[in-house]
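Trainee: Take a look at the following structure, please.
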Amino acid sequence: GGYATGRGDTGLAAESASPSRDTSPAPPRRPGEAGDPPPDSCRWISMSLCIDSASQQLHRKGLSHKVSFPYVEAAVHSTSLWSEVAGADVAVALVTSRPDENPEAPVIKRRLREAGAAAVRIVRPDPELGCVTESQMQRMMAYDDPAVDERDVV
């Protein structure tokens, strides 16, 4: 409980037109037609990141080039852009195998909330999946977050 939610249209519908494609505007849809979210629903952006040292997992998966990427900073900036510019609600899952011992978790959670995240949760990874893969799974499972209503669009 206690999640703040925002409402608003993202206005981010951009397509590139190709010469062989019909570029005439689509006929207007009536509210409630297929493709229109309910008027009282939220639009959610789902993000997740492994906040444990994942360098060994990344090396094993052949992703050594990702070891030095600033994932936390990217998540904070992305949260700010999605919430402030696009008007979307942002749900973030922070994945760590030691949630009670990781001193970074509450700091990252606070920074994400300050950047505009409406829901931030800390998740322990399944031991068989590991932190990086659990993070990918959590991003796809955002609809299961308590802050997300069944009428919302994720």
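By order of appearance in the structure tokens: chains A, B, ..., then residues from 1 within every chain, and ligands from 1 in the order shown.
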Neighbouring residues of region 122-135 of chain A were defined as those with any atom within 12 Å, considering only C-alpha atoms; residues of the same chain fewer than 5 positions away were excluded. Please report them as an MDAnalysis selection string.
Mentor: chainID A and resid 46:61 63 66:67 71 91:102 104:110 140:142 145
Trainee: Enter the distance from CA of Ile45 (chain A) to CA of Ala117 (chain A), in Å, rounded to one decimal.
Mentor: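 Straight-line distance from CA of Ile45 (chain A) to CA of Ala117 (chain A) works out to 9.5 Å.
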Trainee: Excluding Arg43 (chain A) and any residue of its chain fewer than 6 positions from it, enumerate the residues within 6 Å of it, using only C-alpha atoms, and give them as a PyMOL selection string.
Mentor: chain A and resi 88+153-154
Trainee: Could you write out, as an MDAnalysis selection string, all the residues of region 44-89 of chain A that DSSP marks as alpha helix (DSSP H)?
Mentor: chainID A and resid 55:60 71:80
Trainee: Give me a file of those residues, with C-alpha atoms, as a compact mmCIF listing (two decimals), in the first residue's frame.
Mentor:
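Now in again11.txt:
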# COMPACT_ATOMS: atom_id res chain seq x y z
CA SER A 55 30.20 -9.39 -13.15
CA GLN A 56 30.76 -13.17 -12.94
CA GLN A 57 27.31 -13.91 -14.37
CA LEU A 58 27.84 -11.42 -17.18
CA HIS A 59 31.24 -12.90 -18.07
CA ARG A 60 29.77 -16.44 -18.12
CA TYR A 71 22.90 0.42 -14.42
CA VAL A 72 21.77 2.26 -11.29
CA GLU A 73 22.41 5.68 -12.83
CA ALA A 74 20.63 4.64 -16.02
CA ALA A 75 17.62 3.42 -14.02
CA VAL A 76 17.41 6.68 -12.05
CA HIS A 77 17.60 8.83 -15.21
CA SER A 78 15.18 6.59 -17.10
CA THR A 79 12.71 6.73 -14.20
CA SER A 80 12.85 10.51 -14.24
Trainee: Would you mind reading off the distance between CA of Ala118 (chain A) and CA of Phe69 (chain A), one decimal, in Å?
Mentor: 24.5 Å
Trainee: Write out as a ChimeraX atom specification each polymer residue whose atoms come within 9 Å of Asp152 (chain A), counting only C-alpha atoms; drop sequence neighbours fewer than 3 positions from it.
Mentor: /A:37-38,40-44,143,148-149
Trainee: With C-alpha atoms kept, could you save the residues just selected as a short mmCIF file (atom, residue, chain, number, x, y, z; two decimals), in the first residue's frame?
Mentor:
data_model
loop_
_atom_site.label_atom_id
_atom_site.label_comp_id
_atom_site.auth_asym_id
_atom_site.auth_seq_id
_atom_site.Cartn_x
_atom_site.Cartn_y
_atom_site.Cartn_z
CA PRO A 37 -7.06 1.44 -22.20
CA PRO A 38 -9.85 2.09 -19.70
CA ASP A 40 -9.20 5.34 -15.26
CA SER A 41 -6.18 3.09 -15.89
CA CYS A 42 -2.48 3.86 -15.44
CA ARG A 43 0.27 3.29 -17.95
CA TRP A 44 3.22 1.55 -16.33
CA TYR A 143 1.66 -6.79 -13.69
CA VAL A 148 -0.58 -2.29 -10.60
CA ASP A 149 -4.33 -2.60 -11.06
#
Trainee: Among region 104-138 of chain A, which residues does DSSP mark as strand (DSSP E) when it is run on the backbone? Keep the chain and numbering as in the structure and answer as a VMD selection string.
Mentor: chain A and resid 119 to 123
